[in-house]
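Peer 1: As input, take query-v7.pdb (PDB, C-alpha atoms):
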MODEL        1
ATOM      1  CA  MET A   1       7.887  10.450  17.332  1.00  0.00           C
ATOM      2  CA  THR A   2      11.567  11.053  16.994  1.00  0.00           C
ATOM      3  CA  GLY A   3      13.360   8.282  15.170  1.00  0.00           C
ATOM      4  CA  ALA A   4      10.162   6.660  13.870  1.00  0.00           C
ATOM      5  CA  LEU A   5      10.278   5.133  10.434  1.00  0.00           C
ATOM      6  CA  ARG A   6       8.542   7.154   7.763  1.00  0.00           C
ATOM      7  CA  ALA A   7       5.830   5.926   5.423  1.00  0.00           C
ATOM      8  CA  ALA A   8       4.047   7.482   2.450  1.00  0.00           C
ATOM      9  CA  VAL A   9       0.520   7.131   1.103  1.00  0.00           C
ATOM     10  CA  VAL A  10      -0.278   7.558  -2.592  1.00  0.00           C
ATOM     11  CA  VAL A  11      -3.886   7.822  -3.776  1.00  0.00           C
ATOM     12  CA  ALA A  12      -4.526   6.970  -7.437  1.00  0.00           C
ATOM     13  CA  SER A  13      -7.797   8.649  -8.381  1.00  0.00           C
ATOM     14  CA  ASN A  14      -8.486  10.749 -11.432  1.00  0.00           C
ATOM     15  CA  ARG A  15     -11.625  12.253  -9.904  1.00  0.00           C
ATOM     16  CA  ALA A  16     -10.021  13.081  -6.550  1.00  0.00           C
ATOM     17  CA  ALA A  17      -6.970  14.530  -8.341  1.00  0.00           C
ATOM     18  CA  ASP A  18      -9.328  16.695 -10.423  1.00  0.00           C
ATOM     19  CA  GLY A  19     -11.185  17.895  -7.313  1.00  0.00           C
ATOM     20  CA  VAL A  20     -14.484  16.204  -8.231  1.00  0.00           C
ATOM     21  CA  TYR A  21     -14.586  14.738  -4.735  1.00  0.00           C
ATOM     22  CA  GLU A  22     -12.348  14.487  -1.718  1.00  0.00           C
ATOM     23  CA  ASP A  23     -10.520  11.207  -1.241  1.00  0.00           C
ATOM     24  CA  THR A  24     -11.433   9.397   1.969  1.00  0.00           C
ATOM     25  CA  THR A  25      -9.213   6.320   1.667  1.00  0.00           C
ATOM     26  CA  GLY A  26      -5.803   7.970   2.007  1.00  0.00           C
ATOM     27  CA  PRO A  27      -6.547   9.395   5.467  1.00  0.00           C
ATOM     28  CA  LEU A  28      -7.612   5.919   6.662  1.00  0.00           C
ATOM     29  CA  ILE A  29      -4.206   4.583   5.645  1.00  0.00           C
ATOM     30  CA  VAL A  30      -2.320   7.502   7.191  1.00  0.00           C
ATOM     31  CA  ASP A  31      -4.146   6.988  10.497  1.00  0.00           C
ATOM     32  CA  ALA A  32      -3.339   3.261  10.484  1.00  0.00           C
ATOM     33  CA  LEU A  33       0.341   3.840   9.680  1.00  0.00           C
ATOM     34  CA  ARG A  34       0.603   6.341  12.521  1.00  0.00           C
ATOM     35  CA  ALA A  35      -1.097   3.879  14.896  1.00  0.00           C
ATOM     36  CA  TRP A  36       1.541   1.300  13.921  1.00  0.00           C
ATOM     37  CA  GLY A  37       4.350   3.712  14.827  1.00  0.00           C
ATOM     38  CA  PHE A  38       5.223   5.204  11.443  1.00  0.00           C
ATOM     39  CA  GLU A  39       5.516   8.895  10.699  1.00  0.00           C
ATOM     40  CA  ALA A  40       3.176   9.549   7.783  1.00  0.00           C
ATOM     41  CA  ALA A  41       2.416  12.811   6.029  1.00  0.00           C
ATOM     42  CA  ALA A  42      -0.863  13.612   4.300  1.00  0.00           C
ATOM     43  CA  PRO A  43      -1.642  11.398   1.303  1.00  0.00           C
ATOM     44  CA  VAL A  44      -0.419  12.416  -2.131  1.00  0.00           C
ATOM     45  CA  VAL A  45      -3.362  12.340  -4.556  1.00  0.00           C
ATOM     46  CA  VAL A  46      -2.461  11.767  -8.213  1.00  0.00           C
ATOM     47  CA  HIS A  47      -4.034  10.690 -11.482  1.00  0.00           C
ATOM     48  CA  ASP A  48      -4.003   7.018 -12.429  1.00  0.00           C
ATOM     49  CA  GLY A  49      -1.118   5.716 -14.504  1.00  0.00           C
ATOM     50  CA  GLU A  50       2.348   7.196 -14.741  1.00  0.00           C
ATOM     51  CA  PRO A  51       1.792   9.800 -11.974  1.00  0.00           C
ATOM     52  CA  VAL A  52       1.378   6.905  -9.520  1.00  0.00           C
ATOM     53  CA  GLY A  53       4.810   5.563 -10.386  1.00  0.00           C
ATOM     54  CA  GLN A  54       6.289   9.044 -10.104  1.00  0.00           C
ATOM     55  CA  ALA A  55       4.761   9.541  -6.657  1.00  0.00           C
ATOM     56  CA  ILE A  56       5.975   6.142  -5.437  1.00  0.00           C
ATOM     57  CA  ALA A  57       9.450   6.812  -6.834  1.00  0.00           C
ATOM     58  CA  ALA A  58       9.567  10.219  -5.126  1.00  0.00           C
ATOM     59  CA  ALA A  59       8.604   8.650  -1.781  1.00  0.00           C
ATOM     60  CA  LEU A  60      11.258   5.971  -2.187  1.00  0.00           C
ATOM     61  CA  ALA A  61      13.879   8.593  -3.083  1.00  0.00           C
ATOM     62  CA  ASP A  62      12.867  10.424   0.108  1.00  0.00           C
ATOM     63  CA  GLY A  63      13.867   7.340   2.118  1.00  0.00           C
ATOM     64  CA  VAL A  64      10.541   6.079   3.422  1.00  0.00           C
ATOM     65  CA  ALA A  65      10.335   2.582   4.897  1.00  0.00           C
ATOM     66  CA  ALA A  66       6.919   1.850   3.396  1.00  0.00           C
ATOM     67  CA  VAL A  67       4.646   3.111   0.638  1.00  0.00           C
ATOM     68  CA  VAL A  68       0.983   2.170   0.647  1.00  0.00           C
ATOM     69  CA  THR A  69      -1.110   3.064  -2.382  1.00  0.00           C
ATOM     70  CA  THR A  70      -4.860   3.031  -2.834  1.00  0.00           C
ATOM     71  CA  GLY A  71      -6.742   2.915  -6.105  1.00  0.00           C
ATOM     72  CA  GLY A  72      -5.992   1.948  -9.670  1.00  0.00           C
ATOM     73  CA  THR A  73      -5.782  -1.804  -9.009  1.00  0.00           C
ATOM     74  CA  GLY A  74      -8.900  -2.966 -10.851  1.00  0.00           C
ATOM     75  CA  ILE A  75      -9.540  -3.811 -14.474  1.00  0.00           C
ATOM     76  CA  ASN A  76     -10.840  -0.428 -15.624  1.00  0.00           C
ATOM     77  CA  PRO A  77      -8.840   0.784 -18.653  1.00  0.00           C
ATOM     78  CA  THR A  78      -7.312   3.604 -16.567  1.00  0.00           C
ATOM     79  CA  ASP A  79      -6.282   1.319 -13.658  1.00  0.00           C
ATOM     80  CA  ARG A  80      -2.491   1.175 -13.971  1.00  0.00           C
ATOM     81  CA  THR A  81      -1.186   1.182 -10.402  1.00  0.00           C
ATOM     82  CA  PRO A  82       0.200  -2.406 -10.582  1.00  0.00           C
ATOM     83  CA  GLU A  83       2.062  -1.638 -13.799  1.00  0.00           C
ATOM     84  CA  ALA A  84       3.561   1.547 -12.336  1.00  0.00           C
ATOM     85  CA  THR A  85       4.476  -0.283  -9.133  1.00  0.00           C
ATOM     86  CA  ARG A  86       6.022  -3.348 -10.785  1.00  0.00           C
ATOM     87  CA  LEU A  87       8.594  -1.157 -12.568  1.00  0.00           C
ATOM     88  CA  LEU A  88       9.925  -0.032  -9.170  1.00  0.00           C
ATOM     89  CA  LEU A  89      10.002  -3.356  -7.318  1.00  0.00           C
ATOM     90  CA  ASP A  90      13.164  -5.389  -6.789  1.00  0.00           C
ATOM     91  CA  ARG A  91      11.221  -8.358  -5.405  1.00  0.00           C
ATOM     92  CA  GLU A  92       7.532  -9.116  -5.251  1.00  0.00           C
ATOM     93  CA  LEU A  93       5.760 -10.399  -2.139  1.00  0.00           C
ATOM     94  CA  PRO A  94       2.971 -12.421  -3.764  1.00  0.00           C
ATOM     95  CA  GLY A  95       1.729 -13.836  -0.464  1.00  0.00           C
ATOM     96  CA  VAL A  96       0.874 -10.345   0.761  1.00  0.00           C
ATOM     97  CA  ALA A  97      -1.113  -9.522  -2.381  1.00  0.00           C
ATOM     98  CA  GLU A  98      -2.898 -12.873  -2.131  1.00  0.00           C
ATOM     99  CA  ALA A  99      -3.739 -12.250   1.537  1.00  0.00           C
ATOM    100  CA  LEU A 100      -5.204  -8.845   0.666  1.00  0.00           C
ATOM    101  CA  ARG A 101      -7.510 -10.350  -1.950  1.00  0.00           C
ATOM    102  CA  SER A 102      -8.403 -13.294   0.293  1.00  0.00           C
ATOM    103  CA  ARG A 103      -9.441 -10.995   3.146  1.00  0.00           C
ATOM    104  CA  GLY A 104     -11.880  -9.196   0.872  1.00  0.00           C
ATOM    105  CA  VAL A 105     -13.400 -12.455  -0.336  1.00  0.00           C
ATOM    106  CA  ALA A 106     -13.638 -13.752   3.245  1.00  0.00           C
ATOM    107  CA  ASN A 107     -15.486 -10.551   4.178  1.00  0.00           C
ATOM    108  CA  GLY A 108     -18.139 -11.205   1.530  1.00  0.00           C
ATOM    109  CA  VAL A 109     -16.725  -9.305  -1.448  1.00  0.00           C
ATOM    110  CA  PRO A 110     -16.240 -11.864  -4.239  1.00  0.00           C
ATOM    111  CA  THR A 111     -15.072  -9.137  -6.636  1.00  0.00           C
ATOM    112  CA  ALA A 112     -11.956  -8.657  -4.463  1.00  0.00           C
ATOM    113  CA  VAL A 113     -10.326 -11.275  -6.712  1.00  0.00           C
ATOM    114  CA  LEU A 114     -10.404  -8.704  -9.524  1.00  0.00           C
ATOM    115  CA  SER A 115      -7.861  -6.539  -7.711  1.00  0.00           C
ATOM    116  CA  ARG A 116      -4.483  -6.697  -9.422  1.00  0.00           C
ATOM    117  CA  GLY A 117      -2.663  -4.984  -6.569  1.00  0.00           C
ATOM    118  CA  LEU A 118       0.943  -5.914  -5.898  1.00  0.00           C
ATOM    119  CA  ALA A 119       3.179  -5.950  -2.859  1.00  0.00           C
ATOM    120  CA  GLY A 120       6.939  -6.044  -2.861  1.00  0.00           C
ATOM    121  CA  VAL A 121      10.289  -4.637  -1.914  1.00  0.00           C
ATOM    122  CA  ALA A 122      11.825  -1.597  -3.592  1.00  0.00           C
ATOM    123  CA  GLY A 123      15.304  -0.919  -2.265  1.00  0.00           C
ATOM    124  CA  ASP A 124      14.876  -0.935   1.503  1.00  0.00           C
ATOM    125  CA  ALA A 125      11.155  -0.160   1.490  1.00  0.00           C
ATOM    126  CA  VAL A 126       7.974  -2.217   1.381  1.00  0.00           C
ATOM    127  CA  VAL A 127       5.426  -1.141  -1.236  1.00  0.00           C
ATOM    128  CA  VAL A 128       1.799  -2.318  -1.109  1.00  0.00           C
ATOM    129  CA  ASN A 129      -1.130  -1.561  -3.434  1.00  0.00           C
ATOM    130  CA  LEU A 130      -4.586  -1.489  -1.846  1.00  0.00           C
ATOM    131  CA  PRO A 131      -7.864  -1.180  -3.752  1.00  0.00           C
ATOM    132  CA  GLY A 132      -9.564   2.204  -4.018  1.00  0.00           C
ATOM    133  CA  SER A 133     -12.753   1.431  -2.115  1.00  0.00           C
ATOM    134  CA  ARG A 134     -13.096   2.224   1.592  1.00  0.00           C
ATOM    135  CA  GLY A 135     -14.082  -1.390   2.260  1.00  0.00           C
ATOM    136  CA  GLY A 136     -11.090  -2.690   0.337  1.00  0.00           C
ATOM    137  CA  VAL A 137      -8.787  -0.339   2.230  1.00  0.00           C
ATOM    138  CA  LYS A 138     -10.221  -1.410   5.584  1.00  0.00           C
ATOM    139  CA  ASP A 139      -9.794  -5.092   4.659  1.00  0.00           C
ATOM    140  CA  GLY A 140      -6.262  -4.392   3.448  1.00  0.00           C
ATOM    141  CA  LEU A 141      -5.331  -2.515   6.597  1.00  0.00           C
ATOM    142  CA  ALA A 142      -6.510  -5.467   8.688  1.00  0.00           C
ATOM    143  CA  VAL A 143      -3.991  -7.622   6.814  1.00  0.00           C
ATOM    144  CA  LEU A 144      -1.200  -5.039   6.937  1.00  0.00           C
ATOM    145  CA  ALA A 145      -1.650  -4.490  10.687  1.00  0.00           C
ATOM    146  CA  GLU A 146      -0.537  -8.077  11.138  1.00  0.00           C
ATOM    147  CA  ILE A 147       2.491  -7.942   8.829  1.00  0.00           C
ATOM    148  CA  LEU A 148       3.727  -4.505   7.701  1.00  0.00           C
ATOM    149  CA  PRO A 149       5.721  -3.482  10.800  1.00  0.00           C
ATOM    150  CA  HIS A 150       7.315  -6.954  10.870  1.00  0.00           C
ATOM    151  CA  ALA A 151       8.101  -6.853   7.139  1.00  0.00           C
ATOM    152  CA  VAL A 152       9.771  -3.449   7.469  1.00  0.00           C
ATOM    153  CA  ASP A 153      11.771  -4.689  10.454  1.00  0.00           C
ATOM    154  CA  GLN A 154      12.864  -7.813   8.555  1.00  0.00           C
ATOM    155  CA  LEU A 155      13.863  -5.773   5.512  1.00  0.00           C
ATOM    156  CA  ARG A 156      16.060  -3.635   7.739  1.00  0.00           C
ATOM    157  CA  GLY A 157      17.822  -6.669   9.191  1.00  0.00           C
ATOM    158  CA  GLY A 158      15.639  -7.438  12.197  1.00  0.00           C
ATOM    159  CA  ASP A 159      15.692 -10.932  13.634  1.00  0.00           C
ATOM    160  CA  HIS A 160      12.722 -13.241  13.971  1.00  0.00           C
ATOM    161  CA  VAL A 161      11.075 -13.186  17.372  1.00  0.00           C
ATOM    162  CA  ARG A 162      11.496 -16.613  18.869  1.00  0.00           C
ATOM    163  CA  SER A 163       8.694 -18.090  20.891  1.00  0.00           C
ATOM    164  CA  ILE A 164       9.436 -19.956  24.104  1.00  0.00           C
ATOM    165  CA  SER A 165       7.603 -23.258  24.255  1.00  0.00           C
TER     166      SER A 165
ENDMDL
END
With the file now loaded, output its structure as structure tokens.

Peer 2:
Amino acid sequence: MTGALRAAVVVASNRAADGVYEDTTGPLIVDALRAWGFEAAAPVVVHDGEPVGQAIAAALADGVAAVVTTGGTGINPTDRTPEATRLLLDRELPGVAEALRSRGVANGVPTAVLSRGLAGVAGDAVVVNLPGSRGGVKDGLAVLAEILPHAVDQLRGGDHVRSIS
């Protein structure tokens, strides 16, 4: 895919980073990003907290158009992905984060409201936090399929598609 926009996936999981188990959420996100036309390398798996911010910052410095994270968005004491993300954002996109939580609730997961994930703009990239569960990632990808390519296009100066009525 020559000329395709690049995206990065960051997995926040202490246990996956320690090799206790293999992460299965990052590959789901990579596959979706590729299906939407992005070039996406294998997920970067890091510990919760500051390493998440470092991995996001490294992806942004590398010039990606989008960063999608998974994990670390709950209320567990080690869940710090939103805090690490917020430090890097220039503008938040609260409607995206709300839509992610709403999709989970609509799909029968009332605890989706406990996700503190953020979405926003960092430089000329879109950054989105998804929950760490496979179900939460699948729900989040259903939302992002509808908006992420458009958001990236808009951020890079694209014009709104006008409908003919």

Peer 1: Give as a PDB file with C-alpha atoms, keeping the file's coordinate frame the residues that the PyMOL selection byres ((chain A and resi 60) around 10) matches when applied to the coordinates above.

Peer 2:
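Printed below is result.pdb as written:
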ATOM      1  CA  ALA A   7       5.830   5.926   5.423  1.00  0.00           C
ATOM      2  CA  ALA A   8       4.047   7.482   2.450  1.00  0.00           C
ATOM      3  CA  GLN A  54       6.289   9.044 -10.104  1.00  0.00           C
ATOM      4  CA  ALA A  55       4.761   9.541  -6.657  1.00  0.00           C
ATOM      5  CA  ILE A  56       5.975   6.142  -5.437  1.00  0.00           C
ATOM      6  CA  ALA A  57       9.450   6.812  -6.834  1.00  0.00           C
ATOM      7  CA  ALA A  58       9.567  10.219  -5.126  1.00  0.00           C
ATOM      8  CA  ALA A  59       8.604   8.650  -1.781  1.00  0.00           C
ATOM      9  CA  ALA A  61      13.879   8.593  -3.083  1.00  0.00           C
ATOM     10  CA  ASP A  62      12.867  10.424   0.108  1.00  0.00           C
ATOM     11  CA  GLY A  63      13.867   7.340   2.118  1.00  0.00           C
ATOM     12  CA  VAL A  64      10.541   6.079   3.422  1.00  0.00           C
ATOM     13  CA  ALA A  65      10.335   2.582   4.897  1.00  0.00           C
ATOM     14  CA  ALA A  66       6.919   1.850   3.396  1.00  0.00           C
ATOM     15  CA  VAL A  67       4.646   3.111   0.638  1.00  0.00           C
ATOM     16  CA  LEU A  88       9.925  -0.032  -9.170  1.00  0.00           C
ATOM     17  CA  ALA A 122      11.825  -1.597  -3.592  1.00  0.00           C
ATOM     18  CA  GLY A 123      15.304  -0.919  -2.265  1.00  0.00           C
ATOM     19  CA  ASP A 124      14.876  -0.935   1.503  1.00  0.00           C
ATOM     20  CA  ALA A 125      11.155  -0.160   1.490  1.00  0.00           C
ATOM     21  CA  VAL A 126       7.974  -2.217   1.381  1.00  0.00           C
ATOM     22  CA  VAL A 127       5.426  -1.141  -1.236  1.00  0.00           C
TER      23      VAL A 127
END

Peer 1: Which one is closest to Ala12 of chain A: A:Val96, A:Ala42, A:Leu89, A:Leu130? Count all atoms listed in the file.

Peer 2: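 Between A:Val96, A:Ala42, A:Leu89, A:Leu130, the residue approaching Ala12 of chain A most closely is A:Leu130.
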
Peer 1: Residues near Asn14 of chain A, anyone? I mean within 10 Å using all atoms listed in the file, not counting same-chain ones fewer than 4 positions away, as a list in words.

Peer 2: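 Answer for this query is Asp18, Gly19, Val20, Tyr21, Val45, Val46, His47, Asp48, Gly49, Gly71, Gly72, Thr78 and Asp79 of chain A.
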
Peer 1: For the PyMOL selection byres ((chain A and resi 155) around 9), applied here, can you spell out every residue it catches as a PyMOL selection string?

Peer 2: chain A and resi 121+124-126+150-154+156-158

Peer 1: Measuring atom to atom with all atoms listed in the file, identify which of A:Thr111, A:Ser102, A:Gly117, A:Val128 is nearest to Val68 of chain A.

Peer 2: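 Nearest candidate to Val68 of chain A out of A:Thr111, A:Ser102, A:Gly117, A:Val128: A:Val128.
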
Peer 1: Decode the PyMOL selection byres ((chain A and resi 33) around 10) for the given file into explicit residues and return them as a PyMOL selection string.

Peer 2: chain A and resi 6-9+27-32+34-41+66+68+141+144-145+148-149

Peer 1: Please identify all polymer residues within 12 Å of Leu114 of chain A, counting all atoms listed in the file, omitting same-chain residues fewer than 6 positions from it, and present them as a list in words.

Peer 2: Gly72, Thr73, Gly74, Ile75, Asn76, Asp79, Ala97, Glu98, Leu100, Arg101, Ser102, Gly104, Val105, Pro131 and Gly136 of chain A

Peer 1: Please enclose the listed atoms of segment 120-137 of chain A in an axis-aligned box, pad each side by 8 Å, and write out the centre and the three edge lengths in Å, rounded to one decimal, as JSON.

Peer 2:
{"center_x": 0.6, "center_y": -1.9, "center_z": -0.9, "size_x": 45.4, "size_y": 24.3, "size_z": 22.3}

Peer 1: For the atom pair atom CA of Ser133 of chain A and atom CA of Leu93 of chain A, what is the interatomic distance in Å to one decimal place?

Peer 2: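 Calculated distance between atom CA of Ser133 of chain A and atom CA of Leu93 of chain A is 22.0 Å.
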
Peer 1: Using atom CA of Ser13 of chain A and atom CA of Val113 of chain A as the two end points, give the distance in Å to one decimal.

Peer 2: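 Computed distance, atom CA of Ser13 of chain A to atom CA of Val113 of chain A, equals 20.2 Å.
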
Peer 1: Between atom CA of Ala142 of chain A and atom CA of Pro51 of chain A, measure the distance and give it in Å to one decimal.

Peer 2: 27.0 Å

Peer 1: For Pro43 of chain A, which of A:Thr25, A:Val10, A:Glu83, A:Ala16 is the closest residue, counting only C-alpha atoms?

Peer 2: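 With only C-alpha atoms as the atom set, the closest residue is A:Val10.
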
Peer 1: Given the point (4.2, -1.3, -6.6) in the coordinates of this file, which residues lie within 6 Å, counting all atoms listed in the file, and how would they look as a PyMOL selection string?

Peer 2: chain A and resi 82+85-86+118+127

Peer 1: Using only C-alpha atoms, find the one residue out of A:Val11, A:Val137, A:Asn129, A:Ala112 that sits nearest to Glu92 of chain A.

Peer 2: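 For Glu92 of chain A, the nearest of the candidates is A:Asn129.
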